[in-house]
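Source file: input09.csv. Holds: CSV, C-alpha atoms and all ligand atoms.
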```
chain,number,residue,atom,x,y,z
A,1,MET,CA,28.4,50.8,72.6
A,2,THR,CA,29.1,53.3,69.8
A,3,THR,CA,29.7,56.8,71.0
A,4,ASN,CA,29.8,59.9,68.9
A,5,ALA,CA,33.1,61.1,70.3
A,6,SER,CA,33.2,64.3,68.4
A,7,ALA,CA,29.7,65.5,69.6
A,8,PRO,CA,28.7,63.2,72.5
A,9,LEU,CA,25.1,63.3,73.8
A,10,ILE,CA,25.2,62.2,77.4
A,11,LEU,CA,22.4,61.8,80.0
A,12,LEU,CA,23.0,61.9,83.7
A,13,LEU,CA,20.4,60.2,85.9
A,14,GLY,CA,20.3,60.0,89.7
A,15,ALA,CA,17.8,60.3,92.5
A,16,PRO,CA,17.4,63.7,94.1
A,17,GLY,CA,20.5,64.5,96.1
A,18,SER,CA,22.7,62.0,94.2
A,19,GLY,CA,25.2,64.7,93.3
A,20,LYS,CA,24.0,64.9,89.7
A,21,GLY,CA,24.3,68.6,89.4
A,22,THR,CA,27.9,68.7,90.7
A,23,GLN,CA,29.1,65.8,88.5
A,24,ALA,CA,27.2,67.2,85.5
A,25,LYS,CA,29.3,70.4,85.7
A,26,ARG,CA,32.5,68.3,85.9
A,27,ILE,CA,31.6,66.2,82.9
A,28,ALA,CA,30.7,69.3,80.9
A,29,ASP,CA,34.0,71.0,81.8
A,30,TYR,CA,36.0,67.9,81.1
A,31,LEU,CA,34.4,67.3,77.6
A,32,GLN,CA,33.9,71.1,76.9
A,33,ILE,CA,30.2,70.6,76.2
A,34,PRO,CA,27.2,72.5,77.7
A,35,ALA,CA,25.5,71.0,80.8
A,36,ILE,CA,21.7,71.5,80.4
A,37,SER,CA,19.9,71.1,83.7
A,38,THR,CA,16.1,71.3,83.5
A,39,GLY,CA,15.9,71.8,87.2
A,40,LEU,CA,18.3,74.7,87.1
A,41,ILE,CA,16.5,76.3,84.1
A,42,PHE,CA,13.3,76.1,86.1
A,43,ARG,CA,14.9,77.6,89.3
A,44,GLN,CA,16.4,80.5,87.3
A,45,ASN,CA,13.0,81.2,85.8
A,46,ILE,CA,11.4,81.1,89.2
A,47,LYS,CA,13.9,83.5,90.5
A,48,ALA,CA,13.4,85.9,87.6
A,49,GLU,CA,9.6,85.5,88.1
A,50,THR,CA,9.0,84.7,84.4
A,51,GLU,CA,5.8,83.1,83.1
A,52,LEU,CA,7.6,79.8,82.8
A,53,GLY,CA,8.9,80.1,86.3
A,54,LEU,CA,5.4,80.8,87.7
A,55,ARG,CA,4.0,77.8,85.9
A,56,ALA,CA,6.8,75.5,87.0
A,57,SER,CA,6.9,76.7,90.6
A,58,ARG,CA,3.5,75.2,91.5
A,59,PHE,CA,4.7,71.7,90.7
A,60,ILE,CA,8.3,72.0,91.9
A,61,SER,CA,7.3,73.2,95.4
A,62,LYS,CA,5.3,70.0,95.8
A,63,GLY,CA,8.0,67.7,94.5
A,64,GLU,CA,5.9,67.0,91.4
A,65,PHE,CA,7.2,66.9,87.8
A,66,VAL,CA,6.6,70.0,85.7
A,67,PRO,CA,4.1,68.9,83.0
A,68,ASP,CA,5.6,67.7,79.7
A,69,THR,CA,3.8,70.4,77.8
A,70,VAL,CA,6.1,72.9,79.6
A,71,THR,CA,9.2,70.8,79.9
A,72,ASN,CA,9.5,69.2,76.5
A,73,PRO,CA,9.3,72.3,74.3
A,74,MET,CA,11.7,74.0,76.7
A,75,VAL,CA,14.3,71.3,76.2
A,76,ALA,CA,13.7,71.1,72.4
A,77,ALA,CA,14.3,74.9,72.2
A,78,ARG,CA,17.5,74.6,74.2
A,79,LEU,CA,18.7,71.8,71.9
A,80,GLU,CA,18.4,74.2,69.0
A,81,ALA,CA,21.1,76.5,70.4
A,82,PRO,CA,24.3,76.6,68.5
A,83,ASP,CA,26.5,75.4,71.5
A,84,VAL,CA,24.9,72.0,71.3
A,85,VAL,CA,26.5,71.2,68.0
A,86,ASN,CA,29.5,69.7,69.7
A,87,GLY,CA,27.3,67.6,72.0
A,88,CYS,CA,25.8,68.2,75.5
A,89,LEU,CA,25.1,66.7,78.8
A,90,LEU,CA,21.5,66.6,79.9
A,91,ASP,CA,21.1,66.7,83.7
A,92,GLY,CA,17.6,65.8,85.0
A,93,TYR,CA,16.0,65.2,81.6
A,94,PRO,CA,14.5,62.9,80.5
A,95,ARG,CA,12.8,61.8,83.7
A,96,THR,CA,10.0,59.6,82.3
A,97,LEU,CA,9.6,57.2,79.5
A,98,GLU,CA,7.4,59.7,77.7
A,99,GLN,CA,10.2,62.3,77.9
A,100,ALA,CA,12.7,59.7,76.7
A,101,HIS,CA,10.6,59.1,73.6
A,102,TYR,CA,10.1,62.8,73.0
A,103,LEU,CA,13.9,63.3,73.2
A,104,ARG,CA,14.5,60.4,70.8
A,105,ASP,CA,12.1,62.0,68.3
A,106,ALA,CA,13.5,65.5,68.7
A,107,LEU,CA,17.1,64.2,68.2
A,108,ALA,CA,16.1,61.9,65.3
A,109,LYS,CA,15.0,65.0,63.4
A,110,ARG,CA,18.7,66.1,63.5
A,111,ASP,CA,20.0,62.6,62.9
A,112,ARG,CA,21.2,62.4,66.4
A,113,ASP,CA,20.7,60.0,69.3
A,114,VAL,CA,21.7,59.6,72.9
A,115,ASP,CA,25.1,58.1,73.1
A,116,LEU,CA,25.6,57.3,76.8
A,117,VAL,CA,23.5,57.3,79.9
A,118,ILE,CA,25.2,57.4,83.3
A,119,GLU,CA,23.1,56.7,86.4
A,120,LEU,CA,24.5,57.6,89.9
A,121,VAL,CA,23.2,55.0,92.3
A,122,THR,CA,22.9,56.2,95.9
A,123,ASP,CA,21.8,55.2,99.3
A,124,GLU,CA,18.4,56.8,100.0
A,125,GLU,CA,18.7,57.6,103.7
A,126,GLU,CA,22.2,59.0,103.2
A,127,VAL,CA,21.0,61.1,100.4
A,128,ILE,CA,18.0,62.5,102.4
A,129,LYS,CA,20.5,63.6,105.1
A,130,ARG,CA,22.5,65.4,102.3
A,131,LEU,CA,19.5,67.1,101.0
A,132,LEU,CA,18.4,68.3,104.4
A,133,LYS,CA,21.8,69.8,104.8
A,134,ARG,CA,21.6,71.5,101.4
A,135,ALA,CA,18.3,72.9,102.4
A,136,GLU,CA,20.0,74.8,105.2
A,137,ILE,CA,22.6,76.2,102.8
A,138,GLU,CA,20.6,76.9,99.6
A,139,GLY,CA,17.0,77.1,100.9
A,140,ARG,CA,15.5,75.4,98.0
A,141,GLU,CA,11.7,75.3,98.2
A,142,ASP,CA,11.6,71.6,97.4
A,143,ASP,CA,14.1,70.5,100.0
A,144,THR,CA,11.8,69.9,103.0
A,145,GLU,CA,11.7,66.4,104.3
A,146,SER,CA,8.2,65.5,103.1
A,147,VAL,CA,8.8,67.0,99.7
A,148,ILE,CA,12.2,65.2,99.4
A,149,ARG,CA,10.5,61.8,100.3
A,150,HIS,CA,7.9,62.5,97.7
A,151,ARG,CA,10.5,63.3,95.1
A,152,MET,CA,12.3,60.0,95.9
A,153,GLN,CA,9.0,58.1,95.4
A,154,VAL,CA,8.5,59.8,92.1
A,155,TYR,CA,12.0,58.9,91.0
A,156,HIS,CA,11.4,55.2,91.8
A,157,GLN,CA,8.1,55.2,90.1
A,158,LEU,CA,8.8,57.1,87.0
A,159,THR,CA,12.5,57.6,86.4
A,160,GLU,CA,14.0,54.2,87.4
A,161,PRO,CA,11.8,52.4,84.9
A,162,MET,CA,13.0,54.8,82.2
A,163,ALA,CA,16.6,53.7,82.9
A,164,THR,CA,15.5,50.2,81.7
A,165,TYR,CA,14.7,51.7,78.3
A,166,TYR,CA,18.3,52.8,77.9
A,167,ALA,CA,19.6,49.6,79.4
A,168,ASP,CA,17.8,47.7,76.7
A,169,GLN,CA,19.6,49.8,74.2
A,170,ASP,CA,22.9,49.0,75.9
A,171,LYS,CA,23.5,52.6,76.7
A,172,LEU,CA,23.1,52.6,80.5
A,173,ILE,CA,26.1,52.5,82.8
A,174,GLN,CA,25.2,52.5,86.5
A,175,ILE,CA,27.9,53.7,88.9
A,176,ASP,CA,28.2,53.9,92.6
A,177,GLY,CA,27.3,57.5,93.5
A,178,MET,CA,28.4,57.2,97.2
A,179,GLY,CA,31.7,58.6,98.4
A,180,THR,CA,33.4,61.9,98.0
A,181,ILE,CA,32.9,64.1,94.9
A,182,ASP,CA,36.4,63.1,93.7
A,183,GLU,CA,35.8,59.4,94.2
A,184,VAL,CA,32.6,59.5,92.2
A,185,TRP,CA,34.2,61.6,89.6
A,186,GLU,CA,37.0,59.1,89.1
A,187,ARG,CA,34.4,56.4,88.4
A,188,ILE,CA,32.7,58.7,85.9
A,189,GLU,CA,36.0,59.5,84.2
A,190,ALA,CA,36.7,55.7,83.8
A,191,VAL,CA,33.2,55.3,82.2
A,192,LEU,CA,33.9,58.2,79.8
A,193,ALA,CA,37.3,56.7,78.9
A,194,GLU,CA,35.6,53.3,78.3
A,195,ALA,CA,33.2,55.0,75.9
A,196,GLY,CA,36.1,56.6,74.1
A,197,LEU,CA,35.6,60.1,75.5
A,198,GLN,CA,38.7,61.9,76.5
A,199,LYS,CA,39.4,65.2,78.2
A,200,ALA,CA,39.0,68.1,75.8
A,201,ASN,CA,42.0,70.4,75.3
A,301,LIG,P1,16.5,68.8,89.9
A,301,LIG,O1,17.2,70.1,90.0
A,301,LIG,O2,16.9,68.0,88.7
A,301,LIG,O3,16.4,68.0,91.2
A,301,LIG,O4,14.9,69.2,89.6
A,301,LIG,C1,14.2,70.0,90.5
A,301,LIG,C2,12.7,69.9,90.2
A,301,LIG,O5,12.5,70.5,88.9
A,301,LIG,C3,12.2,68.5,90.1
A,301,LIG,O6,11.8,67.9,91.3
A,301,LIG,C4,10.9,68.7,89.2
A,301,LIG,O7,9.9,69.3,89.9
A,301,LIG,C5,11.4,69.7,88.2
A,301,LIG,N1,12.0,69.1,87.0
A,301,LIG,C6,13.4,69.0,86.7
A,301,LIG,N2,13.5,68.3,85.5
A,301,LIG,C7,12.3,67.9,85.2
A,301,LIG,C8,11.8,67.1,84.1
A,301,LIG,N3,12.7,66.6,83.2
A,301,LIG,N4,10.5,66.9,84.0
A,301,LIG,C9,9.6,67.4,84.9
A,301,LIG,N5,10.0,68.2,85.9
A,301,LIG,C10,11.3,68.4,86.1
```

Starting from the file, give its structure as structure tokens.
Amino acid sequence: MTTNASAPLILLLGAPGSGKGTQAKRIADYLQIPAISTGLIFRQNIKAETELGLRASRFISKGEFVPDTVTNPMVAARLEAPDVVNGCLLDGYPRTLEQAHYLRDALAKRDRDVDLVIELVTDEEEVIKRLLKRAEIEGREDDTESVIRHRMQVYHQLTEPMATYYADQDKLIQIDGMGTIDEVWERIEAVLAEAGLQKAN
């Protein structure tokens, strides 16, 4: 695997509730690169009641993906921002093969490519328990049991096959996402080291 150590472009995959968001922040802090979470951008827009938020909300509340016509240009615009020059971590994007192709083309225009894809592999029933607990704390509109189960289904159907696309390019590393936040982080740190990515000063 060749990794662009000076400006790494990393993807973080994982089923809903896999702890993606938490680990994404850790990776971003560690490497001093921005973490770009499409889910978070949508939630911020929903909260601020923007046009984008209103469009996204209809899909998110049902556990459906926001259409690519909304999501792809939003990501492309974010990738134009100056802070991405030194690399970035994408959390929750791409989620489908179509999005992966879109990302490839968007990056190719800048002579860039995805360097490393980390997938957090988790136990589904355990994760559903986690999410229901989070629902009590955060009150996310997509954290009811039926919507969670639907999001899991969509993950298996659309996102897992996408992981194969990166596996075929020798970019996918699957790690055990179960255990404490620190245990999972240690595994991620080892993967980053293996890819030649060290803690930024
Ligand atoms: P997340 O915070 O990553 O769990 O995302 C929450 C929700 O936002 C998802 O269930 C989708 O409805 C929507 N979403 C996030 N990322 C994407 C994406 N790449 N494509 C389509 N919808 C997305």

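All residues that come within 10 Å of the coordinates (23.1, 51.0, 78.8), counting only C-alpha atoms, are given as Met1, Asp115, Leu116, Val117, Ile118, Glu119, Ala163, Thr164, Tyr165, Tyr166, Ala167, Asp168, Gln169, Asp170, Lys171, Leu172, Ile173 and Gln174 of chain A.
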
Choose the residue, out of A:Gln157, A:Asn4, A:Ser57, A:Asn201, that has the smallest atom-to-atom separation from ligand LIG 301 (chain A); count only C-alpha atoms and all ligand atoms.
->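 Comparing A:Gln157, A:Asn4, A:Ser57, A:Asn201 against ligand LIG 301 (chain A), the winner is A:Ser57.
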
Got a sec to check which residues lie within 10 Å of ligand LIG 301 (chain A), using all atoms listed in the file, and send them as number ranges by chain?
-> A: 12-21, 37-43, 56-72, 74-75, 90-96, 99-100, 140-143, 147-148, 150-152, 154-155, 159

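Considering all atoms listed in the file, the residue among A:Leu11, A:Ile175, A:Arg134, A:Val84 positioned nearest to Ala190 in chain A is A:Ile175.
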
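Residues with any atom within 10 Å of the point (31.3, 58.4, 93.2), counting only C-alpha atoms, are Ser18, Gly19, Gln23, Leu120, Val121, Thr122, Ile175, Asp176, Gly177, Met178, Gly179, Thr180, Ile181, Asp182, Glu183, Val184, Trp185, Glu186, Arg187 and Ile188 of chain A.
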